[in-house]
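Source file: query_32.txt (compact mmCIF, C-alpha atoms)
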# COMPACT_ATOMS: atom_id res chain seq x y z
CA MET A 1 -35.91 9.15 29.32
CA TRP A 2 -36.31 12.28 27.21
CA ALA A 3 -36.42 14.51 30.28
CA ASP A 4 -33.27 12.91 31.72
CA LEU A 5 -31.33 13.34 28.48
CA ARG A 6 -32.57 16.84 27.61
CA PRO A 7 -30.19 18.97 29.74
CA ILE A 8 -26.97 17.14 28.83
CA GLY A 9 -24.68 19.32 26.72
CA ARG A 10 -27.24 22.07 26.24
CA ASP A 11 -25.89 25.59 25.93
CA ALA A 12 -27.79 28.07 28.08
CA THR A 13 -27.27 30.94 25.64
CA SER A 14 -28.17 29.35 22.31
CA GLY A 15 -30.48 26.61 23.57
CA GLY A 16 -28.66 24.23 21.23
CA TYR A 17 -26.60 21.15 22.03
CA ARG A 18 -22.82 20.79 22.04
CA ARG A 19 -22.33 17.09 22.55
CA TYR A 20 -18.98 16.61 20.87
CA ALA A 21 -17.10 13.31 20.74
CA TRP A 22 -15.00 12.39 23.76
CA THR A 23 -15.95 15.47 25.80
CA GLY A 24 -17.69 15.78 29.15
CA ALA A 25 -21.12 16.05 27.52
CA ASP A 26 -20.39 12.94 25.48
CA ALA A 27 -19.36 11.09 28.64
CA ASP A 28 -22.62 12.10 30.35
CA CYS A 29 -24.61 10.81 27.37
CA ARG A 30 -22.69 7.54 27.52
CA THR A 31 -23.40 7.25 31.24
CA TRP A 32 -27.08 7.80 30.52
CA PHE A 33 -27.04 5.06 27.86
CA GLN A 34 -25.33 2.58 30.19
CA ALA A 35 -27.85 3.33 32.96
CA GLN A 36 -30.75 2.72 30.56
CA ALA A 37 -29.24 -0.61 29.55
CA GLU A 38 -28.56 -1.79 33.08
CA SER A 39 -31.97 -0.71 34.39
CA ARG A 40 -33.52 -3.11 31.86
CA GLY A 41 -31.20 -6.00 32.67
CA LEU A 42 -29.45 -5.77 29.30
CA THR A 43 -25.86 -6.85 28.74
CA TYR A 44 -23.85 -3.66 28.31
CA GLU A 45 -20.56 -3.29 26.44
CA THR A 46 -18.44 -0.76 24.57
CA ASP A 47 -16.69 -2.04 21.45
CA ARG A 48 -13.14 -1.34 20.32
CA ASN A 49 -14.23 1.84 18.51
CA GLY A 50 -16.15 3.38 21.39
CA ASN A 51 -19.63 2.40 20.17
CA GLN A 52 -22.04 1.38 22.93
CA TRP A 53 -24.18 -1.76 22.88
CA ALA A 54 -27.02 -3.03 25.06
CA TRP A 55 -27.97 -6.65 24.41
CA GLN A 56 -31.10 -8.67 25.03
CA GLY A 57 -30.12 -12.28 24.39
CA ASP A 58 -26.74 -13.78 23.58
CA PRO A 59 -24.46 -11.24 21.82
CA LEU A 60 -22.52 -14.13 20.27
CA ALA A 61 -25.49 -16.06 18.91
CA GLY A 62 -25.53 -14.30 15.53
CA ASP A 63 -28.29 -13.03 13.23
CA ALA A 64 -29.04 -10.24 15.70
CA VAL A 65 -31.44 -7.39 15.10
CA VAL A 66 -29.90 -4.04 16.05
CA ILE A 67 -31.73 -0.74 16.55
CA GLY A 68 -30.35 2.62 17.65
CA SER A 69 -28.65 5.77 16.41
CA HIS A 70 -26.26 8.32 18.00
CA LEU A 71 -26.20 10.82 20.88
CA ASP A 72 -23.61 13.39 19.74
CA SER A 73 -24.55 16.66 18.05
CA VAL A 74 -23.45 19.32 15.61
CA PRO A 75 -22.54 22.72 17.13
CA ASP A 76 -25.74 24.12 18.68
CA GLY A 77 -27.73 21.26 17.22
CA GLY A 78 -31.27 20.21 18.01
CA ALA A 79 -32.51 17.76 20.61
CA PHE A 80 -33.87 15.15 18.18
CA ASP A 81 -31.12 14.44 15.62
CA GLY A 82 -29.72 11.15 16.87
CA PRO A 83 -31.11 10.96 20.42
CA LEU A 84 -34.66 10.36 19.16
CA GLY A 85 -33.45 7.10 17.62
CA VAL A 86 -31.74 5.93 20.80
CA VAL A 87 -34.58 6.91 23.15
CA SER A 88 -37.11 5.34 20.77
CA SER A 89 -35.11 2.11 20.69
CA PHE A 90 -35.27 1.69 24.47
CA ALA A 91 -38.96 2.65 24.37
CA ALA A 92 -39.60 0.10 21.59
CA LEU A 93 -38.01 -2.62 23.73
CA ASP A 94 -40.25 -1.58 26.64
CA GLU A 95 -43.25 -1.81 24.32
CA LEU A 96 -42.29 -5.28 23.11
CA ARG A 97 -41.87 -6.50 26.67
CA HIS A 98 -45.27 -5.03 27.49
CA ARG A 99 -46.73 -7.01 24.59
CA GLY A 100 -45.19 -10.16 26.04
CA VAL A 101 -43.54 -11.20 22.79
CA GLU A 102 -40.99 -14.01 22.67
CA PHE A 103 -37.65 -13.07 21.11
CA THR A 104 -36.26 -15.61 18.67
CA ARG A 105 -33.18 -13.54 17.74
CA PRO A 106 -30.83 -11.45 19.85
CA LEU A 107 -31.70 -7.76 20.02
CA ALA A 108 -29.23 -4.94 20.56
CA ILE A 109 -29.63 -1.21 21.06
CA THR A 110 -26.63 0.87 20.03
CA ASN A 111 -25.17 4.36 20.29
CA PHE A 112 -22.62 4.94 17.54
CA GLY A 113 -19.85 7.36 18.50
CA ASP A 114 -19.00 10.62 16.76
CA GLU A 115 -21.68 10.41 14.07
CA GLU A 116 -21.83 14.13 13.40
CA GLY A 117 -18.10 14.71 13.09
CA ALA A 118 -18.42 18.07 14.85
CA ARG A 119 -15.10 17.79 16.65
CA PHE A 120 -12.75 16.05 14.21
CA GLY A 121 -14.38 16.99 10.89
CA LEU A 122 -15.27 13.47 9.73
CA ALA A 123 -18.81 12.14 10.08
CA CYS A 124 -19.71 8.64 11.31
CA VAL A 125 -16.30 7.87 12.79
CA GLY A 126 -17.55 5.03 15.00
CA SER A 127 -19.43 3.21 12.25
CA ARG A 128 -16.74 3.96 9.63
CA LEU A 129 -14.10 2.36 11.84
CA ALA A 130 -16.28 -0.70 12.50
CA ALA A 131 -17.06 -1.12 8.80
CA GLY A 132 -13.40 -0.72 7.78
CA GLN A 133 -14.10 2.48 5.82
CA LEU A 134 -11.74 4.43 8.09
CA THR A 135 -8.35 2.92 8.83
CA PRO A 136 -6.69 3.35 12.23
CA GLU A 137 -3.87 5.22 10.50
CA LYS A 138 -6.27 7.79 9.02
CA ALA A 139 -8.20 8.01 12.28
CA TYR A 140 -5.00 8.80 14.15
CA GLU A 141 -4.45 11.78 11.84
CA LEU A 142 -7.79 13.38 12.80
CA ARG A 143 -7.44 16.51 14.94
CA ASP A 144 -9.85 18.99 16.42
CA GLY A 145 -9.64 22.77 16.27
CA ASP A 146 -7.24 22.81 19.23
CA GLY A 147 -4.86 20.32 17.62
CA ILE A 148 -5.89 17.44 19.87
CA SER A 149 -5.78 14.13 18.01
CA LEU A 150 -8.53 11.52 18.12
CA PRO A 151 -6.37 9.04 20.12
CA GLN A 152 -5.44 11.77 22.59
CA ALA A 153 -9.12 12.60 23.07
CA MET A 154 -10.04 8.95 23.54
CA GLU A 155 -7.28 8.45 26.10
CA ALA A 156 -8.35 11.55 28.01
CA ALA A 157 -11.88 10.10 28.15
CA GLY A 158 -10.57 6.80 29.53
CA TYR A 159 -10.63 4.69 26.36
CA ASP A 160 -7.84 2.75 24.68
CA PRO A 161 -7.29 4.01 21.11
CA SER A 162 -4.81 1.25 20.27
CA THR A 163 -7.66 -1.19 19.56
CA ILE A 164 -9.65 0.88 17.05
CA GLY A 165 -10.28 -0.54 13.61
CA ALA A 166 -12.46 -2.80 11.49
CA ASP A 167 -14.74 -5.09 13.48
CA PRO A 168 -15.86 -7.77 11.01
CA GLU A 169 -16.56 -10.34 13.73
CA ARG A 170 -19.14 -8.12 15.38
CA LEU A 171 -20.78 -7.09 12.12
CA ALA A 172 -20.99 -10.73 11.06
CA ARG A 173 -23.25 -11.37 14.05
CA ILE A 174 -25.77 -8.75 12.90
CA GLY A 175 -28.63 -9.78 10.64
CA ALA A 176 -30.23 -6.35 10.31
CA PHE A 177 -29.80 -2.78 11.56
CA VAL A 178 -32.77 -0.41 11.68
CA GLU A 179 -32.17 3.25 12.54
CA LEU A 180 -35.01 5.57 13.48
CA HIS A 181 -34.33 9.28 12.92
CA VAL A 182 -36.18 12.55 12.91
CA GLU A 183 -36.75 13.60 9.31
CA GLN A 184 -34.39 16.36 8.20
CA GLY A 185 -36.81 17.89 5.76
CA ARG A 186 -40.57 18.34 5.31
CA ALA A 187 -41.60 15.45 3.06
CA LEU A 188 -43.70 13.76 5.77
CA ASP A 189 -45.25 17.04 6.84
CA LEU A 190 -46.34 17.67 3.27
CA THR A 191 -47.91 14.21 2.95
CA GLY A 192 -49.48 14.30 6.42
CA ASP A 193 -47.75 11.13 7.64
CA ALA A 194 -46.20 10.68 11.08
CA VAL A 195 -43.70 8.02 10.00
CA GLY A 196 -41.91 7.18 6.76
CA LEU A 197 -39.52 4.57 5.40
CA ALA A 198 -36.19 5.45 3.79
CA SER A 199 -35.43 4.44 0.23
CA ALA A 200 -31.91 5.77 -0.24
CA ILE A 201 -29.32 8.29 0.95
CA TRP A 202 -27.95 10.75 -1.59
CA PRO A 203 -24.21 10.67 -2.34
CA HIS A 204 -22.49 13.36 -0.33
CA GLY A 205 -19.10 14.61 0.78
CA ARG A 206 -17.02 17.32 2.41
CA TRP A 207 -14.27 19.31 0.70
CA ARG A 208 -11.80 21.72 2.28
CA TYR A 209 -10.86 24.81 0.26
CA ASP A 210 -7.62 26.55 1.27
CA PHE A 211 -7.26 30.06 -0.18
CA HIS A 212 -3.71 31.37 0.38
CA GLY A 213 -3.15 35.11 -0.08
CA GLU A 214 -0.93 37.71 1.56
CA ALA A 215 -1.44 39.23 5.00
CA ASN A 216 -1.22 42.98 5.11
CA HIS A 217 -2.51 46.10 6.84
CA ALA A 218 -6.21 46.75 6.23
CA GLY A 219 -5.81 50.50 6.52
CA THR A 220 -2.71 51.20 4.46
CA THR A 221 -2.72 48.65 1.65
CA ARG A 222 -4.26 49.89 -1.60
CA LEU A 223 -7.03 47.74 -3.01
CA VAL A 224 -5.08 47.15 -6.22
CA ASP A 225 -2.09 45.88 -4.22
CA ARG A 226 -4.00 43.30 -2.22
CA ARG A 227 -3.99 39.53 -2.51
CA ASP A 228 -7.08 39.05 -0.37
CA PRO A 229 -8.22 35.41 -0.16
CA MET A 230 -11.50 36.44 1.47
CA LEU A 231 -12.74 37.86 -1.82
CA THR A 232 -11.97 34.64 -3.66
CA TYR A 233 -13.65 32.64 -0.92
CA ALA A 234 -16.74 34.86 -1.20
CA GLU A 235 -16.90 34.35 -4.96
CA THR A 236 -16.64 30.59 -4.39
CA VAL A 237 -19.53 30.63 -1.92
CA LEU A 238 -21.71 32.34 -4.52
CA ALA A 239 -20.53 29.89 -7.18
CA ALA A 240 -21.51 26.97 -4.95
CA ARG A 241 -25.04 28.32 -4.63
CA ARG A 242 -25.25 28.91 -8.38
CA GLU A 243 -23.97 25.46 -9.38
CA ALA A 244 -26.22 23.67 -6.89
CA GLU A 245 -29.29 25.61 -7.98
CA LEU A 246 -28.68 24.86 -11.65
CA ALA A 247 -28.25 21.14 -10.95
CA GLY A 248 -31.09 20.70 -8.46
CA ALA A 249 -28.57 19.74 -5.75
CA VAL A 250 -27.38 21.36 -2.51
CA ALA A 251 -24.00 22.88 -1.66
CA THR A 252 -23.08 24.70 1.54
CA PHE A 253 -20.03 26.47 2.90
CA GLY A 254 -20.92 26.29 6.59
CA LYS A 255 -17.54 26.48 8.31
CA ILE A 256 -14.68 28.93 7.88
CA SER A 257 -11.27 29.54 9.43
CA VAL A 258 -9.33 32.77 8.88
CA GLU A 259 -5.68 33.64 9.56
CA PRO A 260 -4.56 35.86 11.19
CA ASN A 261 -8.21 36.63 11.95
CA GLY A 262 -7.74 40.28 12.82
CA VAL A 263 -10.26 43.06 12.19
CA ASN A 264 -7.59 45.34 10.75
CA ALA A 265 -5.65 42.67 8.86
CA ILE A 266 -6.02 41.36 5.33
CA PRO A 267 -6.11 37.56 5.71
CA SER A 268 -3.21 35.39 4.66
CA LEU A 269 -5.36 32.25 4.62
CA VAL A 270 -9.07 31.59 4.38
CA ARG A 271 -10.07 27.98 4.82
CA GLY A 272 -13.65 27.01 4.04
CA TRP A 273 -15.42 23.66 4.21
CA LEU A 274 -17.91 22.69 1.51
CA ASP A 275 -20.70 20.17 2.05
CA SER A 276 -22.48 19.06 -1.11
CA ARG A 277 -25.14 16.45 -1.88
CA ALA A 278 -27.17 15.39 -4.89
CA ALA A 279 -29.68 12.74 -5.89
CA ASP A 280 -27.14 10.88 -8.04
CA GLN A 281 -23.38 10.64 -8.50
CA SER A 282 -23.15 12.31 -11.89
CA THR A 283 -25.04 15.36 -10.66
CA LEU A 284 -22.82 15.64 -7.60
CA ASP A 285 -19.69 15.33 -9.74
CA GLN A 286 -21.01 18.10 -12.00
CA VAL A 287 -21.65 20.42 -9.05
CA ILE A 288 -18.27 19.81 -7.43
CA ALA A 289 -16.41 20.28 -10.71
CA GLY A 290 -18.28 23.53 -11.38
CA ILE A 291 -17.51 24.93 -7.93
CA GLU A 292 -13.84 24.07 -8.13
CA ALA A 293 -13.51 25.50 -11.64
CA ALA A 294 -15.08 28.76 -10.51
CA ALA A 295 -12.81 28.88 -7.47
CA GLN A 296 -9.71 28.23 -9.55
CA GLU A 297 -10.66 30.94 -12.04
CA ALA A 298 -11.29 33.50 -9.29
CA ALA A 299 -8.07 32.54 -7.50
CA SER A 300 -6.00 32.88 -10.67
CA ARG A 301 -7.49 36.28 -11.39
CA SER A 302 -6.65 37.58 -7.89
CA GLY A 303 -3.23 36.03 -7.38
CA ILE A 304 -4.50 33.54 -4.79
CA ASP A 305 -3.12 30.03 -4.37
CA LEU A 306 -5.89 27.44 -4.00
CA LYS A 307 -5.75 23.91 -2.62
CA VAL A 308 -8.82 21.65 -2.56
CA VAL A 309 -8.89 18.51 -0.39
CA ARG A 310 -11.72 15.98 -0.29
CA GLU A 311 -11.96 15.13 3.40
CA SER A 312 -14.80 12.61 3.24
CA PHE A 313 -17.18 11.05 0.76
CA THR A 314 -20.09 8.62 0.89
CA PRO A 315 -21.53 7.20 -2.33
CA VAL A 316 -25.25 6.72 -2.88
CA VAL A 317 -26.78 4.23 -0.45
CA GLU A 318 -29.72 2.18 -1.67
CA PHE A 319 -31.11 0.41 1.39
CA GLU A 320 -31.52 -3.32 0.99
CA HIS A 321 -34.78 -3.94 -0.81
CA ALA A 322 -35.67 -7.18 0.95
CA LEU A 323 -35.44 -5.61 4.41
CA ARG A 324 -37.20 -2.45 3.27
CA ASP A 325 -39.99 -4.45 1.64
CA GLU A 326 -40.45 -6.57 4.77
CA MET A 327 -40.71 -3.43 6.89
CA ALA A 328 -43.21 -1.95 4.44
CA ARG A 329 -45.29 -5.12 4.71
CA VAL A 330 -45.30 -4.89 8.52
CA LEU A 331 -46.14 -1.18 8.54
CA GLY A 332 -48.72 -1.36 5.77
CA ASP A 333 -48.82 -0.48 2.09
CA GLY A 334 -49.61 3.16 2.83
CA ILE A 335 -46.25 3.86 4.48
CA PRO A 336 -44.50 6.63 2.49
CA VAL A 337 -41.05 5.84 1.12
CA LEU A 338 -38.65 8.75 0.74
CA GLY A 339 -35.03 9.51 0.01
CA THR A 340 -32.81 11.78 2.05
CA GLY A 341 -29.80 14.00 1.55
CA ALA A 342 -28.56 13.45 5.12
CA GLY A 343 -25.88 10.90 6.01
CA HIS A 344 -26.37 8.31 8.75
CA ASP A 345 -24.63 5.37 10.40
CA ALA A 346 -27.15 3.11 8.64
CA GLY A 347 -25.76 4.33 5.33
CA ILE A 348 -22.18 3.54 6.32
CA LEU A 349 -23.06 0.07 7.60
CA SER A 350 -25.16 -0.78 4.54
CA ALA A 351 -22.00 -1.88 2.73
CA ARG A 352 -21.51 -4.64 5.31
CA ILE A 353 -24.95 -5.60 6.68
CA PRO A 354 -28.63 -5.17 5.73
CA THR A 355 -29.79 -1.76 6.99
CA ALA A 356 -32.96 0.31 6.88
CA MET A 357 -34.29 3.57 8.30
CA LEU A 358 -37.51 4.98 9.69
CA PHE A 359 -38.20 8.72 9.72
CA VAL A 360 -40.41 10.63 12.16
CA ARG A 361 -42.20 13.73 10.92
CA ASN A 362 -40.51 17.10 11.45
CA PRO A 363 -43.25 19.73 10.99
CA THR A 364 -40.85 22.59 10.28
CA GLY A 365 -38.21 20.67 8.35
CA VAL A 366 -35.54 22.44 10.44
CA SER A 367 -32.60 20.35 11.60
CA HIS A 368 -29.07 20.95 12.94
CA SER A 369 -30.63 23.84 14.86
CA PRO A 370 -32.24 24.39 18.28
CA ALA A 371 -35.52 24.83 16.37
CA GLU A 372 -35.51 21.15 15.38
CA TYR A 373 -38.76 19.56 16.53
CA ALA A 374 -41.02 16.53 16.48
CA ALA A 375 -44.42 16.36 18.17
CA GLU A 376 -44.87 13.88 21.01
CA ASP A 377 -47.68 12.04 19.22
CA ASP A 378 -45.44 11.56 16.18
CA CYS A 379 -42.57 10.36 18.37
CA VAL A 380 -44.89 7.80 19.97
CA ALA A 381 -46.00 6.71 16.49
CA GLY A 382 -42.31 6.26 15.64
CA VAL A 383 -41.77 4.09 18.71
CA ARG A 384 -44.75 1.90 17.81
CA ALA A 385 -43.55 1.58 14.21
CA LEU A 386 -40.06 0.62 15.40
CA ALA A 387 -41.57 -1.87 17.86
CA ASP A 388 -43.72 -3.39 15.10
CA VAL A 389 -40.75 -3.73 12.78
CA THR A 390 -38.54 -5.17 15.50
CA GLU A 391 -41.22 -7.65 16.48
CA GLY A 392 -41.49 -8.76 12.87
CA LEU A 393 -37.74 -9.24 12.63
CA ALA A 394 -36.67 -10.46 16.07
CA CYS A 395 -39.77 -12.21 17.34
CA ALA A 396 -40.94 -14.07 14.24
What would you get if you wrote out this structure as structure tokens?
Amino acid sequence: MWADLRPIGRDATSGGYRRYAWTGADADCRTWFQAQAESRGLTYETDRNGNQWAWQGDPLAGDAVVIGSHLDSVPDGGAFDGPLGVVSSFAALDELRHRGVEFTRPLAITNFGDEEGARFGLACVGSRLAAGQLTPEKAYELRDGDGISLPQAMEAAGYDPSTIGADPERLARIGAFVELHVEQGRALDLTGDAVGLASAIWPHGRWRYDFHGEANHAGTTRLVDRRDPMLTYAETVLAARREAELAGAVATFGKISVEPNGVNAIPSLVRGWLDSRAADQSTLDQVIAGIEAAAQEAASRSGIDLKVVRESFTPVVEFEHALRDEMARVLGDGIPVLGTGAGHDAGILSARIPTAMLFVRNPTGVSHSPAEYAAEDDCVAGVRALADVTEGLACA
């Protein structure tokens, strides 16, 4: 399975993956998922929001156990973020069938669409729509860098966008969702464990900073006459690092858009996107307030107009204790429990259904990069852990 999926959406130059929502690479991943489902005799379907499902047992019976993750990527992302959870879910089902267990609850494997938000700027679109955290009206306003709207992209890919929206009937039939994911950090590597159990997801969000200045000639405009938004943006980037470091949080300006984007032109607009996360809400609020205050002060000093827009936000997610404790019992008391600053579909769905997560060791801690890695032995350990958990939940 891993070998079949590996070349899809991989850029020959960077070695990273560009599997963006509703593109050709995304379609190839979806075709792969459907083929895996059908080769195992599973009932395959795509829901109203473009999420894929492969069912063992009656999808309408209720109290189902669902496992899976996502197949899309960030720009030049790694091979493991998302796909490891989907591949491991099919492998866990194979393992359970090999054990000859008898399923007492329906089991589904899922691929949630547009988890990374690389194309339209909002993470977890598929699960947000299903959970009612993203309205169809707001979803219709999403556009990619070329101005193509989400519904236009869905139509071009052969899907009907008129049906998107909350899916309470489907979620009501799910008793538990367990997502396996490569760890995006080095906690397991430091403890020497192949697999860990998630405790919580830090609160996190994305903010867009628009710095409006005045376009002018780079060679003839005196420094004292300039209203250069790039300088204010640069000061804000440094302020973000400073505020995050003081608070023990993280803050990153990782995306930027410049107009008119000419080498010999002073920009008229610099637009930067901030991603920030912290262990608790009050700390995150402190960091965001500090960054914005610094940006406003720098903008005022330089004659720059600043607009700040919060594009997405996810509050702290504390995974359901009963499900987490049951998984810990199945996996043994020695299983490490760790928090994470990364967002996931399991975090979005936790507001509607019991969810939990397993992490597989990442020896370098690198993620969202072609250098992302997990050793085969650790991946196999993850599959066995997921199979054990699923057996405890769906075959009891």
Between A:Asp81, A:Gly165, A:Ala118, A:Arg170, single out the one closest to Trp53 of chain A, counting all atoms listed in the file.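 Once distances to Trp53 of chain A are computed over all atoms listed in the file, the minimum belongs to A:Arg170.
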Counting all atoms listed in the file, write as an mmCIF file with C-alpha atoms, in the frame of the given file all protein and nucleic acid residues lying at most 6 Å from (-23.4, 20.7, 24.2) in the file's frame.
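And here is the file that came out, result-v7.cif:
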data_model
loop_
_atom_site.group_PDB
_atom_site.id
_atom_site.type_symbol
_atom_site.label_atom_id
_atom_site.label_comp_id
_atom_site.auth_asym_id
_atom_site.auth_seq_id
_atom_site.Cartn_x
_atom_site.Cartn_y
_atom_site.Cartn_z
ATOM 1 C CA GLY A 9 -24.680 19.320 26.720
ATOM 2 C CA ARG A 10 -27.240 22.070 26.240
ATOM 3 C CA ASP A 11 -25.890 25.590 25.930
ATOM 4 C CA TYR A 17 -26.600 21.150 22.030
ATOM 5 C CA ARG A 18 -22.820 20.790 22.040
ATOM 6 C CA ARG A 19 -22.330 17.090 22.550
#
>> Need the shell around Pro203 of chain A: protein/DNA/RNA residues with any atom at most 10 Å away, counting all atoms listed in the file. Skip same-chain ones fewer than 3 positions apart. Format as a list in words?
In response: Ala200, Ser276, Arg277, Ala278, Ala279, Asp280, Gln281, Ser282, Thr283, Leu284, Asp285, Phe313, Thr314, Pro315, Val316, Val317, Thr340, Gly341, Ala342 and Gly343 of chain A
As lines of an AutoDock Vina configuration file, please: the centre and edge lengths in Å, to one decimal, of an axis-aligned box enclosing every listed atom of segment 17-29 of chain A with 3 Å added on each side.
center_x = -20.8
center_y = 16.0
center_z = 25.5
size_x = 17.6
size_y = 16.3
size_z = 15.6
Please report as a tab-separated table every residue of segment 15-107 of chain A lying within 6 Å of segment 114-117 of chain A, along with the nearest atom pair and their distance in Å (one decimal), using all atoms listed in the file.
residue	atom	partner	partner_atom	distance
A:Ala21	CA	A:Asp114	CA	5.2
A:Ser73	CA	A:Glu116	CA	6.0
A:Val74	CA	A:Glu116	CA	5.9
Atomic distance atom CA of Arg242 of chain A - atom CA of Ala294 of chain A, expressed in Å with one decimal
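Value for the atom CA of Arg242 of chain A-atom CA of Ala294 of chain A distance: 10.4 Å.
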* Asked: Just how far from atom CA of His321 of chain A is atom CA of Gly334 of chain A, in Å to one decimal?
  ->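 Rounded to one decimal, the two atoms are 16.8 Å apart.
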For Gly68 of chain A, which residue among A:Ile109, A:Ile8, A:Ile201, A:Leu93 is the nearest when counting all atoms listed in the file?
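Among the listed residues, the smallest separation from Gly68 of chain A belongs to A:Ile109.
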Using only C-alpha atoms, I'd like a table of the residues in segment 32-89 of chain A that come within 12 Å of segment 364-370 of chain A; for each, show the closest atom pair and its distance in Å rounded to one decimal, ordered by chain and ascending number, as a Markdown table.
| residue | atom | partner | partner_atom | distance |
| --- | --- | --- | --- | --- |
| A:Asp72 | CA | A:His368 | CA | 11.5 |
| A:Ser73 | CA | A:His368 | CA | 8.1 |
| A:Val74 | CA | A:His368 | CA | 6.4 |
| A:Pro75 | CA | A:His368 | CA | 8.0 |
| A:Asp76 | CA | A:Ser369 | CA | 6.2 |
| A:Gly77 | CA | A:His368 | CA | 4.5 |
| A:Gly78 | CA | A:Pro370 | CA | 4.3 |
| A:Ala79 | CA | A:Pro370 | CA | 7.0 |
| A:Phe80 | CA | A:Ser367 | CA | 8.5 |
| A:Asp81 | CA | A:Ser367 | CA | 7.3 |
| A:Gly82 | CA | A:His368 | CA | 10.6 |
Name the residues in contact with Tyr233 of chain A at a cut-off of 12 Å, using all atoms listed in the file, excluding same-chain residues fewer than 6 positions from it; report them as an MDAnalysis selection string.
chainID A and resid 208:213 227 239:240 253 255:258 267 269:274 291:292 294:299 302 304:307
For Asp275 of chain A, which residue out of A:Ala123, A:His181, A:Asp345, A:Val383 is the nearest one, using only C-alpha atoms?
->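 Looking only at the distances to Asp275 of chain A, the closest residue turns out to be A:Ala123.
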One residue among A:Ala3, A:Val389, A:Ala356, A:Ala394 is nearest to Ser199 of chain A when using all atoms listed in the file, and that residue is A:Ala356
Of A:Ile266, A:Cys124, A:Ala247, A:Cys395, the one sitting nearest Asp225 of chain A when using all atoms listed in the file is A:Ile266
With a distance cut-off of 10 Å and only C-alpha atoms, select the neighbouring residues of Arg143 of chain A, excluding the residue or stretch itself and same-chain residues fewer than 5 positions from it, and output the selection as an MDAnalysis selection string.
chainID A and resid 119:122 148:153
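One finds atom CA of Leu180 of chain A at 9.3 Å from atom CA of Leu197 of chain A.
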Could segment 1-15 of chain A be completed with N, CA and C atoms and written as a CSV table (one decimal), in the frame of the given file, please?
chain,number,residue,atom,x,y,z
A,1,MET,N,-37.2,9.2,30.0
A,1,MET,CA,-35.9,9.2,29.3
A,1,MET,C,-35.6,10.5,28.6
A,2,TRP,N,-36.6,11.0,27.9
A,2,TRP,CA,-36.3,12.3,27.2
A,2,TRP,C,-36.0,13.4,28.2
A,3,ALA,N,-36.7,13.5,29.3
A,3,ALA,CA,-36.4,14.5,30.3
A,3,ALA,C,-35.0,14.4,30.9
A,4,ASP,N,-34.6,13.1,31.1
A,4,ASP,CA,-33.3,12.9,31.7
A,4,ASP,C,-32.2,13.3,30.8
A,5,LEU,N,-32.4,13.1,29.5
A,5,LEU,CA,-31.3,13.3,28.5
A,5,LEU,C,-31.3,14.8,28.1
A,6,ARG,N,-32.4,15.5,28.2
A,6,ARG,CA,-32.6,16.8,27.6
A,6,ARG,C,-31.5,17.8,28.1
A,7,PRO,N,-31.1,17.9,29.4
A,7,PRO,CA,-30.2,19.0,29.7
A,7,PRO,C,-28.7,18.7,29.4
A,8,ILE,N,-28.4,17.5,29.0
A,8,ILE,CA,-27.0,17.1,28.8
A,8,ILE,C,-26.4,17.9,27.6
A,9,GLY,N,-25.4,18.6,27.8
A,9,GLY,CA,-24.7,19.3,26.7
A,9,GLY,C,-25.4,20.5,26.1
A,10,ARG,N,-26.4,21.0,26.8
A,10,ARG,CA,-27.2,22.1,26.2
A,10,ARG,C,-26.6,23.4,26.6
A,11,ASP,N,-26.5,24.3,25.7
A,11,ASP,CA,-25.9,25.6,25.9
A,11,ASP,C,-27.0,26.6,26.4
A,12,ALA,N,-26.8,27.2,27.5
A,12,ALA,CA,-27.8,28.1,28.1
A,12,ALA,C,-28.1,29.3,27.2
A,13,THR,N,-27.1,29.7,26.5
A,13,THR,CA,-27.3,30.9,25.6
A,13,THR,C,-28.0,30.7,24.3
A,14,SER,N,-27.6,29.6,23.6
A,14,SER,CA,-28.2,29.4,22.3
A,14,SER,C,-29.4,28.4,22.4
A,15,GLY,N,-29.4,27.6,23.5
A,15,GLY,CA,-30.5,26.6,23.6
A,15,GLY,C,-30.2,25.4,22.8
